[in-house]
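Asker: Following this message is one structure expressed as structure tokens.
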Amino acid sequence: MLKCSFNDGTGCANCKFPVSTIFHSLPESSLKELEDNKVDLFVKRKQNIFVQGNIPQYVYIIRKGKIKVFILGENGKEQIVRVAKEGDTIGYRSLLNDEKYFATAVAMDDCELCAVTKTFFFDEVARNPVLAKDTLTLLSKQLRDSENRMFSLAYKSVKERIAEGVLMLANAYGFEEDQKTIDVQLYRKDIADFAGVTVETAIRNLNDFRRENLVEIDHKKIKILESEKLFEIAKMRRP
């Protein structure tokens with residue numbers, strides 16, 4: 001049986017990982033209880049974590065790996081609404097709203113997650129005011145990000161949205177040691193789905209960026225050469 005890689009088998013109370021997650025405020029007694037109320041998941045690249053339309057049973061904390069969350073439209077086209085990485089929480093909004101998942105989450109590389117039961121999460125939110133506040137903060141941030149995404153899709157040009165997509169994916173996943181190459185394998189389809197355009201349109205604009213020496217593209221890796229110009233094109237402020 002595969003074990004959590006963040007402790008030596010002595011359980012969640014001795015795990016350093018929760019301090020960087022939404023569960024950072026849990027007392028030792030709750031961390032011990034968490035051990036009996038979570039499942040260690042090891043998901044291969046391209047496998048689903050949860051699926052749009054299914055009934056939620058867990059809150060997922062990402063220990064390792066990168067995940068995209070997308071909505072599948074009636075035409076079968078994916079619209080990426082969020083990208084998540086180590087320490088992030090996914091699947092909690094539908095759980096709190098007591099509704100089916102509004103989106104699908106897929107591993108972009110091999111991932112390791114803690115799947116925390118619905119009952120434990122609700123019990124802790126009810127008795128832990130810090131966790132309740134942190135959950136509200138997460139919801140507020142997700143709402144703000146959703147509003148920004150809606151504005152971009154409605155009012156920005158295709159070129160602006162492609163530049164924004166590259167920068168936001170870089171912000172989500174970080175860089176390799178050279179501090180220029182986005183630390184994830186990116187398919188043209190991922191960029192297209194994030195920007196709300198066809199794959200052909202994404203390829204054409206990325207090739208334009210390459211010819212303008214704004215980026216380098218090597219297989220499924222994107223290296224950002226001129227981030228300031230990309231921010232200008234995307235009409236974004238540097239975070």
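Going by the structure tokens order, chains are called A, B, ..., each with residues numbered from 1, while ligands are numbered from 1 in the order shown.
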Going by DSSP on the backbone, which residues of region 23-58 of chain A come out as strand (DSSP E or B)? List them as number ranges by chain.

Answerer: A: 38-43, 48-50, 58

Asker: Enumerate as a VMD selection string all residues of region 10-228 of chain A assigned to alpha helix (DSSP H) by DSSP on the backbone, naming them with the chain letters and numbers the document uses.

Answerer: chain A and resid 28 to 34 92 to 97 118 to 127 129 to 155 158 to 173 188 to 195 199 to 211 227 to 228

Asker: Would you export the selected residues with C-alpha atoms as a PDB file, in the first residue's frame, please?

Answerer:
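Dumped to result-v9.pdb:
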```
ATOM      1  CA  GLU A  28      -2.989  18.184  17.441  1.00  0.00           C
ATOM      2  CA  SER A  29      -6.163  16.393  18.531  1.00  0.00           C
ATOM      3  CA  SER A  30      -7.844  17.210  15.208  1.00  0.00           C
ATOM      4  CA  LEU A  31      -4.767  16.177  13.225  1.00  0.00           C
ATOM      5  CA  LYS A  32      -4.873  12.799  14.944  1.00  0.00           C
ATOM      6  CA  GLU A  33      -8.555  12.547  14.033  1.00  0.00           C
ATOM      7  CA  LEU A  34      -7.733  13.565  10.470  1.00  0.00           C
ATOM      8  CA  TYR A  92     -14.528  22.397  -1.495  1.00  0.00           C
ATOM      9  CA  ARG A  93     -16.963  24.819  -3.131  1.00  0.00           C
ATOM     10  CA  SER A  94     -19.379  22.189  -4.398  1.00  0.00           C
ATOM     11  CA  LEU A  95     -19.117  20.429  -1.048  1.00  0.00           C
ATOM     12  CA  LEU A  96     -20.062  23.600   0.843  1.00  0.00           C
ATOM     13  CA  ASN A  97     -22.930  24.344  -1.554  1.00  0.00           C
ATOM     14  CA  LYS A 118     -16.955  15.716   3.970  1.00  0.00           C
ATOM     15  CA  THR A 119     -18.023  14.960   7.561  1.00  0.00           C
ATOM     16  CA  PHE A 120     -14.622  15.784   9.072  1.00  0.00           C
ATOM     17  CA  PHE A 121     -14.310  18.997   7.066  1.00  0.00           C
ATOM     18  CA  PHE A 122     -17.764  20.245   8.091  1.00  0.00           C
ATOM     19  CA  ASP A 123     -17.173  19.345  11.741  1.00  0.00           C
ATOM     20  CA  GLU A 124     -13.866  21.226  11.800  1.00  0.00           C
ATOM     21  CA  VAL A 125     -15.306  24.301  10.066  1.00  0.00           C
ATOM     22  CA  ALA A 126     -18.086  24.383  12.695  1.00  0.00           C
ATOM     23  CA  ARG A 127     -15.699  24.247  15.671  1.00  0.00           C
ATOM     24  CA  PRO A 129     -13.163  29.738  13.613  1.00  0.00           C
ATOM     25  CA  VAL A 130      -9.756  30.099  11.926  1.00  0.00           C
ATOM     26  CA  LEU A 131     -10.525  27.299   9.475  1.00  0.00           C
ATOM     27  CA  ALA A 132     -13.965  28.833   8.836  1.00  0.00           C
ATOM     28  CA  LYS A 133     -12.372  32.224   8.098  1.00  0.00           C
ATOM     29  CA  ASP A 134      -9.716  30.676   5.852  1.00  0.00           C
ATOM     30  CA  THR A 135     -12.440  28.818   3.941  1.00  0.00           C
ATOM     31  CA  LEU A 136     -14.359  32.073   3.404  1.00  0.00           C
ATOM     32  CA  THR A 137     -11.138  33.722   2.234  1.00  0.00           C
ATOM     33  CA  LEU A 138     -10.608  30.928  -0.292  1.00  0.00           C
ATOM     34  CA  LEU A 139     -14.158  31.309  -1.567  1.00  0.00           C
ATOM     35  CA  SER A 140     -13.738  35.078  -1.863  1.00  0.00           C
ATOM     36  CA  LYS A 141     -10.471  34.707  -3.791  1.00  0.00           C
ATOM     37  CA  GLN A 142     -12.024  32.147  -6.126  1.00  0.00           C
ATOM     38  CA  LEU A 143     -14.947  34.498  -6.786  1.00  0.00           C
ATOM     39  CA  ARG A 144     -12.560  37.358  -7.563  1.00  0.00           C
ATOM     40  CA  ASP A 145     -10.527  35.152  -9.900  1.00  0.00           C
ATOM     41  CA  SER A 146     -13.724  33.987 -11.633  1.00  0.00           C
ATOM     42  CA  GLU A 147     -14.828  37.582 -12.156  1.00  0.00           C
ATOM     43  CA  ASN A 148     -11.430  38.446 -13.642  1.00  0.00           C
ATOM     44  CA  ARG A 149     -11.648  35.426 -15.953  1.00  0.00           C
ATOM     45  CA  MET A 150     -15.141  36.446 -17.114  1.00  0.00           C
ATOM     46  CA  PHE A 151     -13.910  39.977 -17.855  1.00  0.00           C
ATOM     47  CA  SER A 152     -10.960  38.659 -19.858  1.00  0.00           C
ATOM     48  CA  LEU A 153     -13.081  36.305 -21.935  1.00  0.00           C
ATOM     49  CA  ALA A 154     -15.665  39.003 -22.617  1.00  0.00           C
ATOM     50  CA  TYR A 155     -13.506  42.047 -23.335  1.00  0.00           C
ATOM     51  CA  VAL A 158      -7.425  36.803 -28.526  1.00  0.00           C
ATOM     52  CA  LYS A 159      -3.782  37.941 -28.396  1.00  0.00           C
ATOM     53  CA  GLU A 160      -4.319  39.495 -24.975  1.00  0.00           C
ATOM     54  CA  ARG A 161      -5.974  36.340 -23.662  1.00  0.00           C
ATOM     55  CA  ILE A 162      -3.172  34.090 -24.956  1.00  0.00           C
ATOM     56  CA  ALA A 163      -0.556  36.290 -23.257  1.00  0.00           C
ATOM     57  CA  GLU A 164      -2.628  36.293 -20.072  1.00  0.00           C
ATOM     58  CA  GLY A 165      -2.943  32.514 -20.203  1.00  0.00           C
ATOM     59  CA  VAL A 166       0.820  32.024 -20.454  1.00  0.00           C
ATOM     60  CA  LEU A 167       1.463  34.410 -17.551  1.00  0.00           C
ATOM     61  CA  MET A 168      -1.222  32.956 -15.314  1.00  0.00           C
ATOM     62  CA  LEU A 169      -0.007  29.415 -15.898  1.00  0.00           C
ATOM     63  CA  ALA A 170       3.514  30.591 -15.048  1.00  0.00           C
ATOM     64  CA  ASN A 171       2.203  32.176 -11.851  1.00  0.00           C
ATOM     65  CA  ALA A 172       0.334  28.998 -10.923  1.00  0.00           C
ATOM     66  CA  TYR A 173       3.098  26.495 -11.602  1.00  0.00           C
ATOM     67  CA  ARG A 188      -1.309  23.881 -26.968  1.00  0.00           C
ATOM     68  CA  LYS A 189      -4.788  22.677 -26.056  1.00  0.00           C
ATOM     69  CA  ASP A 190      -4.259  23.777 -22.441  1.00  0.00           C
ATOM     70  CA  ILE A 191      -3.396  27.308 -23.571  1.00  0.00           C
ATOM     71  CA  ALA A 192      -6.353  27.301 -25.965  1.00  0.00           C
ATOM     72  CA  ASP A 193      -8.792  26.082 -23.311  1.00  0.00           C
ATOM     73  CA  PHE A 194      -7.534  28.654 -20.820  1.00  0.00           C
ATOM     74  CA  ALA A 195      -7.902  31.496 -23.321  1.00  0.00           C
ATOM     75  CA  VAL A 199      -6.108  25.149 -30.733  1.00  0.00           C
ATOM     76  CA  GLU A 200      -5.253  26.539 -34.173  1.00  0.00           C
ATOM     77  CA  THR A 201      -5.669  30.100 -32.908  1.00  0.00           C
ATOM     78  CA  ALA A 202      -3.526  29.372 -29.852  1.00  0.00           C
ATOM     79  CA  ILE A 203      -0.768  27.867 -32.014  1.00  0.00           C
ATOM     80  CA  ARG A 204      -0.820  30.848 -34.378  1.00  0.00           C
ATOM     81  CA  ASN A 205      -0.511  33.380 -31.544  1.00  0.00           C
ATOM     82  CA  LEU A 206       2.163  31.397 -29.697  1.00  0.00           C
ATOM     83  CA  ASN A 207       4.165  31.223 -32.929  1.00  0.00           C
ATOM     84  CA  ASP A 208       3.782  35.010 -33.231  1.00  0.00           C
ATOM     85  CA  PHE A 209       5.149  35.385 -29.706  1.00  0.00           C
ATOM     86  CA  ARG A 210       8.024  33.077 -30.616  1.00  0.00           C
ATOM     87  CA  ARG A 211       8.877  35.068 -33.732  1.00  0.00           C
ATOM     88  CA  SER A 227       7.748  38.856 -19.350  1.00  0.00           C
ATOM     89  CA  GLU A 228       7.331  42.647 -19.249  1.00  0.00           C
TER      90      GLU A 228
END
```

Asker: Could you work out how far CA of Ala103 (chain A) lies from CA of Gln79 (chain A), giving the answer in Å with one decimal?

Answerer: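 Interatomic distance here is 9.4 Å.
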
Asker: Which residues, written as a PyMOL selection string, have at least one atom at most 12 Å from region 111-117 of chain A, with only C-alpha atoms counted and residues fewer than 4 positions away on the same chain left out?

Answerer: chain A and resi 2-6+12+17-18+21-23+31+33-50+56-68+84-92+95+105-107+121-124
